[in-house]
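Asks: First, the structure itself, so that you have it in front of you.
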Amino acid sequence: MNRCALRARYVFPVDAAPLEDAVVCVEGKRIVAVGENVFSTTPRALGQAAILPGLVNAHAHLEFSDLDRPLGTRGMPLPDWIRLVIAHRSRRVPRLARPAVPSAAIARGLAECLAGGATTIGEIACGQFSDYASGARSAAVVALLEVIGFSGLRWQSALTAVLEKLDAPDAPPQLAHGLCPHAPYTVHPELVSRLAELSVQRKIPIAFHLAESPEELRLLRDGDGPFQELLQERSMWDEGAIPRGSRPLDYLKRLAAAKHVLVIHGNYLDNEELELLAAQRNRMSLIYCPRTHAYFDHQRYPLAKALALGVNVAVGTDSRASNPDLSLWSELRWLAAHHPDVRPHDLLALGTRAGAVALGQGDAAGTLRPGNWANLTVVGLPQGRGEEPHELLLDQVSRVREVWLRGQPVYSADAGQQR
């Protein structure tokens with residue numbers, strides 16, 4: 001069985017204070033000690049570096065990793081951007097073909113996620129679980145199956161299709177999976193409730209894009225506006241699907257019955273809605289995608305308020321359709337630069353422990369502790385002795401040097417590629 005010990009200037013367990021000049025010991029796929037060397041061999045010295053838990057990218061759409069730049073223009077309305085997403089998908093496959101995700105896009109996306117320090121990825125899967133057969137060996141992918149069924153006639157057939165996919169014989173056994181009823185403008189409220197029940201039955205997480213834009217709030221409240229027009233264009237509009245006067249809180253109450261809930265974006269949640277998430281923090285999490293949020297010029301994200309209330313907030317990259325890359329480390333450094341009202345050690349937790357909890361993996365990932373998977377991210381630190389450790393870690397020149405997945409190195413910046 002493989003044994004190794006790594007020594008770095010700092011070790012960040014996340015659920016405990018940083019350790020200076022400390023060691024992490026790995027045996028097989030697990031961490032066996034943190035802080036001291038329990039092996040007889042000399043630790044491998046990493047020098048001016050930090051050892052962290054493998055980062056958790058709680059929200060990604062790897063299908064768009066074939067894009068070299070975000071779609072559209074900064075600040076454009078979300079419904080207009082969605083039209084560009086639909087057009088991109090249409091160019092990729094014939095209109096009546098099975099929704100297909102190019103394997104090259106998945107491979108490129110996984111490589112970017114690893115290079116950005118992420119060992120666990122909450123992926124929105126719009127195809128088949130089998131699309132991730134190879135990728136699941138290079139990162140811990142939680143494939144959340146995208147579900148769309150807005151009308152009263154469509155949602156029941158959508159539920160039947162979900163059950164067939166969950167039981168597909170070609171689903172990779174090593175792939176964790178879950179559900180993603182897409183959003184209020186694509187999923188009937190009753191389908192949200194049924195999928196929440198299914199998440200409990202199957203013991204799997206569920207993700208839902210919610211309160212993402214002002215146009216969405218208008219649709220819920222008044223039943224009109226740009227999203228209604230988009231649905232009409234797509235022959236998806238059902239006048240009776242959303243009761244007038246609806247709000248994100250109505251969907252949160254339906255989702256609250258699920259096993260683990262990832263509320264994606266939540267850019268426009270109000271105080272009452274944030275308080276509900278805080279009260280259910282062991283099962284419901286808010287997923288913030290910082291650079292995507294900035295791309296759409298949304299109002300300032302209520303990050304400090306959500307954390308103060310006790311909401312479990314995790315971080316995701318979203319996709320290359322709205323983000324220049326898939327580096328979760330870049331997201332954390334962006335947070336450090338743009339949210340000075342949040343303490344640096346809290347920011348690190350957003351990209352590690354909080355994401356693992358959100359995906360239902362908090363007992364095995366997201367922290368450095370004996371018994372956890374040996375998922376490690378090694379970050380090169382700038383020179384300096386007097387800085388607070390977390391501030392030094394999140395310095396704008398810090399870089400991911402190595403990534404380990406279950407006791408094996410899977411990325412090295414020196415090699416410039418996935419191993």
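Every chain in the structure tokens takes a letter, A first, then B, and so on in the order presented; its residues are numbered from 1, and the ligands are numbered from 1 following the presented order.
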If you run DSSP on the backbone, which residues of stretch 144-392 of chain A are strand (DSSP E or B), as a count of residues only?
Replies: 40
Asks: Among stretch 120-239 of chain A, which residues does DSSP mark as helix (DSSP H, G or I) when it is run on the backbone? Keep the chain and numbering as in the structure and answer as an MDAnalysis selection string.
Replies: chainID A and resid 129:132 135:137 155:166 189:202 214:222 226:233
Asks: If we count only C-alpha atoms and set the cut-off at 10 Å, which residues sit around stretch 289-299 of chain A, ignoring sequence neighbours fewer than 6 positions away in its own chain? Please answer as a ChimeraX atom specification.
Replies: /A:57-60,70,73-78,81,212-214,264-268,314-325,328,330-332,334-335,338
Asks: Counting only C-alpha atoms, which of A:Pro205, A:Pro382, A:Gly116, A:Pro18 gets nearest to A:Ser285?
Replies: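 Closest to A:Ser285, using only C-alpha atoms: A:Pro205.
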Asks: Leaving out A:Arg3 and any residue of its chain fewer than 3 positions from it, which residues lie within 9 Å of it when counting only C-alpha atoms, given as a VMD selection string?
Replies: chain A and resid 25 to 28 39 407
Asks: If we count only C-alpha atoms, what is near A:Glu402 at a cut-off of 9 Å, once residues fewer than 2 positions away on the same chain are taken out, given as a list in words?
Replies: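 Within the cut-off, the hits are Leu114, Ala115, Gly117, Leu376, Thr377, Val378, Val379, Gly380, Val400, Trp404, Pro409, Val410, Tyr411, Ser412, Ala413 and Asp414 of chain A.
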Asks: Could the residues in this selection be saved with C-alpha atoms as a JSON list (two decimals), in the first residue's frame?
Replies:
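Wrote result18.json, looks like this:
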[["chain", "number", "residue", "atom", "x", "y", "z"],
["A", 114, "LEU", "CA", -7.96, 20.03, -11.73],
["A", 115, "ALA", "CA", -5.49, 22.77, -12.69],
["A", 117, "GLY", "CA", -7.28, 22.87, -7.56],
["A", 376, "LEU", "CA", -5.05, 17.44, -1.60],
["A", 377, "THR", "CA", -4.33, 20.75, -3.27],
["A", 378, "VAL", "CA", -0.83, 22.18, -2.97],
["A", 379, "VAL", "CA", -0.58, 25.95, -3.45],
["A", 380, "GLY", "CA", 2.68, 27.82, -3.95],
["A", 400, "VAL", "CA", -1.92, 25.78, -7.61],
["A", 404, "TRP", "CA", -3.92, 14.74, -5.44],
["A", 409, "PRO", "CA", -1.10, 12.87, -7.82],
["A", 410, "VAL", "CA", -3.36, 13.79, -10.76],
["A", 411, "TYR", "CA", -2.01, 17.22, -11.69],
["A", 412, "SER", "CA", 1.34, 18.97, -11.59],
["A", 413, "ALA", "CA", 1.86, 22.56, -12.72],
["A", 414, "ASP", "CA", 5.52, 21.72, -13.39]]
Asks: Would you pick out the contacts of stretch 360-374 of chain A at 8 Å or less, using only C-alpha atoms, so that residues sharing its chain but fewer than 3 positions from it are not included, and give the list as a list of chain:residue names?
Replies: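 Near stretch 360-374 of chain A, the qualifying residues are A:Phe12, A:Pro13, A:Val14, A:Asp15, A:Val26, A:Lys29, A:Arg30, A:Ile31, A:Val32, A:Ala33, A:Val34, A:Leu52, A:Pro53, A:Gly54, A:Leu55, A:Val56, A:Ile204, A:Pro205, A:His260, A:Thr352, A:Arg353, A:Ala354, A:Gly355, A:Ala356, A:Val357, A:Trp404, A:Leu405, A:Arg406, A:Gly407.
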Asks: Please produce an output containing N, CA, C and O atoms for each residue in the selection, written as an mmCIF file, in the first residue's frame.
Replies:
data_model
loop_
_atom_site.group_PDB
_atom_site.id
_atom_site.type_symbol
_atom_site.label_atom_id
_atom_site.label_comp_id
_atom_site.auth_asym_id
_atom_site.auth_seq_id
_atom_site.Cartn_x
_atom_site.Cartn_y
_atom_site.Cartn_z
ATOM 1 N N PHE A 12 -3.435 23.660 5.984
ATOM 2 C CA PHE A 12 -4.721 24.256 6.328
ATOM 3 C C PHE A 12 -5.774 23.153 6.446
ATOM 4 O O PHE A 12 -6.354 22.748 5.432
ATOM 5 N N PRO A 13 -6.041 22.662 7.653
ATOM 6 C CA PRO A 13 -7.066 21.617 7.794
ATOM 7 C C PRO A 13 -8.476 22.111 7.472
ATOM 8 O O PRO A 13 -9.371 21.323 7.215
ATOM 9 N N VAL A 14 -8.704 23.414 7.543
ATOM 10 C CA VAL A 14 -9.972 24.124 7.325
ATOM 11 C C VAL A 14 -10.856 24.092 8.563
ATOM 12 O O VAL A 14 -11.390 25.126 8.980
ATOM 13 N N ASP A 15 -11.041 22.934 9.181
ATOM 14 C CA ASP A 15 -11.866 22.885 10.393
ATOM 15 C C ASP A 15 -11.028 23.075 11.655
ATOM 16 O O ASP A 15 -11.504 22.846 12.770
ATOM 17 N N VAL A 26 -0.246 10.215 4.217
ATOM 18 C CA VAL A 26 -1.240 9.521 3.400
ATOM 19 C C VAL A 26 -0.862 8.046 3.313
ATOM 20 O O VAL A 26 0.296 7.695 3.074
ATOM 21 N N LYS A 29 -5.548 5.436 0.002
ATOM 22 C CA LYS A 29 -6.410 6.513 -0.493
ATOM 23 C C LYS A 29 -6.809 7.505 0.589
ATOM 24 O O LYS A 29 -7.551 8.452 0.306
ATOM 25 N N ARG A 30 -6.321 7.295 1.818
ATOM 26 C CA ARG A 30 -6.812 8.083 2.942
ATOM 27 C C ARG A 30 -5.705 8.863 3.642
ATOM 28 O O ARG A 30 -4.527 8.503 3.599
ATOM 29 N N ILE A 31 -6.123 9.923 4.310
ATOM 30 C CA ILE A 31 -5.233 10.654 5.211
ATOM 31 C C ILE A 31 -5.157 9.886 6.526
ATOM 32 O O ILE A 31 -6.188 9.467 7.067
ATOM 33 N N VAL A 32 -3.959 9.700 7.040
ATOM 34 C CA VAL A 32 -3.817 8.987 8.313
ATOM 35 C C VAL A 32 -3.321 9.883 9.438
ATOM 36 O O VAL A 32 -3.464 9.545 10.618
ATOM 37 N N ALA A 33 -2.727 11.033 9.096
ATOM 38 C CA ALA A 33 -2.269 11.960 10.137
ATOM 39 C C ALA A 33 -2.113 13.351 9.556
ATOM 40 O O ALA A 33 -1.765 13.512 8.381
ATOM 41 N N VAL A 34 -2.377 14.351 10.377
ATOM 42 C CA VAL A 34 -2.236 15.751 9.985
ATOM 43 C C VAL A 34 -1.480 16.476 11.087
ATOM 44 O O VAL A 34 -1.867 16.431 12.254
ATOM 45 N N LEU A 52 -3.736 22.059 1.261
ATOM 46 C CA LEU A 52 -5.149 22.283 1.551
ATOM 47 C C LEU A 52 -5.925 21.006 1.239
ATOM 48 O O LEU A 52 -5.436 20.138 0.512
ATOM 49 N N PRO A 53 -7.158 20.911 1.722
ATOM 50 C CA PRO A 53 -8.026 19.859 1.185
ATOM 51 C C PRO A 53 -8.242 20.107 -0.302
ATOM 52 O O PRO A 53 -8.193 21.262 -0.761
ATOM 53 N N GLY A 54 -8.446 19.068 -1.063
ATOM 54 C CA GLY A 54 -8.826 19.267 -2.455
ATOM 55 C C GLY A 54 -10.021 20.197 -2.529
ATOM 56 O O GLY A 54 -10.993 20.045 -1.785
ATOM 57 N N LEU A 55 -9.956 21.196 -3.399
ATOM 58 C CA LEU A 55 -11.049 22.156 -3.503
ATOM 59 C C LEU A 55 -12.309 21.488 -4.070
ATOM 60 O O LEU A 55 -12.225 20.468 -4.768
ATOM 61 N N VAL A 56 -13.446 22.071 -3.759
ATOM 62 C CA VAL A 56 -14.729 21.544 -4.230
ATOM 63 C C VAL A 56 -15.397 22.604 -5.106
ATOM 64 O O VAL A 56 -15.764 23.674 -4.623
ATOM 65 N N ILE A 204 -29.675 10.983 -2.734
ATOM 66 C CA ILE A 204 -28.815 11.730 -3.650
ATOM 67 C C ILE A 204 -29.131 13.223 -3.550
ATOM 68 O O ILE A 204 -30.233 13.605 -3.181
ATOM 69 N N PRO A 205 -28.158 14.080 -3.880
ATOM 70 C CA PRO A 205 -28.393 15.534 -3.809
ATOM 71 C C PRO A 205 -29.227 16.039 -4.979
ATOM 72 O O PRO A 205 -29.371 15.366 -6.005
ATOM 73 N N HIS A 260 -30.190 16.472 0.124
ATOM 74 C CA HIS A 260 -29.235 17.584 0.133
ATOM 75 C C HIS A 260 -29.615 18.505 -1.021
ATOM 76 O O HIS A 260 -29.851 18.037 -2.134
ATOM 77 N N THR A 352 -14.014 24.613 0.065
ATOM 78 C CA THR A 352 -13.595 23.292 0.554
ATOM 79 C C THR A 352 -14.727 22.625 1.338
ATOM 80 O O THR A 352 -15.560 21.945 0.764
ATOM 81 N N ARG A 353 -14.760 22.871 2.636
ATOM 82 C CA ARG A 353 -15.731 22.205 3.517
ATOM 83 C C ARG A 353 -17.171 22.463 3.098
ATOM 84 O O ARG A 353 -17.992 21.538 3.042
ATOM 85 N N ALA A 354 -17.523 23.715 2.788
ATOM 86 C CA ALA A 354 -18.912 24.048 2.459
ATOM 87 C C ALA A 354 -19.385 23.320 1.208
ATOM 88 O O ALA A 354 -20.526 22.861 1.133
ATOM 89 N N GLY A 355 -18.500 23.214 0.211
ATOM 90 C CA GLY A 355 -18.872 22.505 -1.009
ATOM 91 C C GLY A 355 -19.066 21.022 -0.779
ATOM 92 O O GLY A 355 -19.987 20.412 -1.340
ATOM 93 N N ALA A 356 -18.213 20.422 0.054
ATOM 94 C CA ALA A 356 -18.366 19.005 0.370
ATOM 95 C C ALA A 356 -19.683 18.756 1.099
ATOM 96 O O ALA A 356 -20.402 17.792 0.806
ATOM 97 N N VAL A 357 -20.014 19.622 2.043
ATOM 98 C CA VAL A 357 -21.290 19.498 2.754
ATOM 99 C C VAL A 357 -22.453 19.628 1.774
ATOM 100 O O VAL A 357 -23.424 18.861 1.822
ATOM 101 N N TRP A 404 -3.883 16.177 -5.713
ATOM 102 C CA TRP A 404 -3.919 14.736 -5.436
ATOM 103 C C TRP A 404 -5.365 14.297 -5.285
ATOM 104 O O TRP A 404 -6.184 14.994 -4.662
ATOM 105 N N LEU A 405 -5.673 13.154 -5.833
ATOM 106 C CA LEU A 405 -7.011 12.578 -5.706
ATOM 107 C C LEU A 405 -6.881 11.166 -5.125
ATOM 108 O O LEU A 405 -6.241 10.307 -5.707
ATOM 109 N N ARG A 406 -7.470 10.997 -3.933
ATOM 110 C CA ARG A 406 -7.472 9.697 -3.256
ATOM 111 C C ARG A 406 -6.090 9.052 -3.211
ATOM 112 O O ARG A 406 -5.901 7.891 -3.563
ATOM 113 N N GLY A 407 -5.134 9.880 -2.778
ATOM 114 C CA GLY A 407 -3.794 9.371 -2.526
ATOM 115 C C GLY A 407 -2.880 9.329 -3.725
ATOM 116 O O GLY A 407 -1.718 8.904 -3.602
#
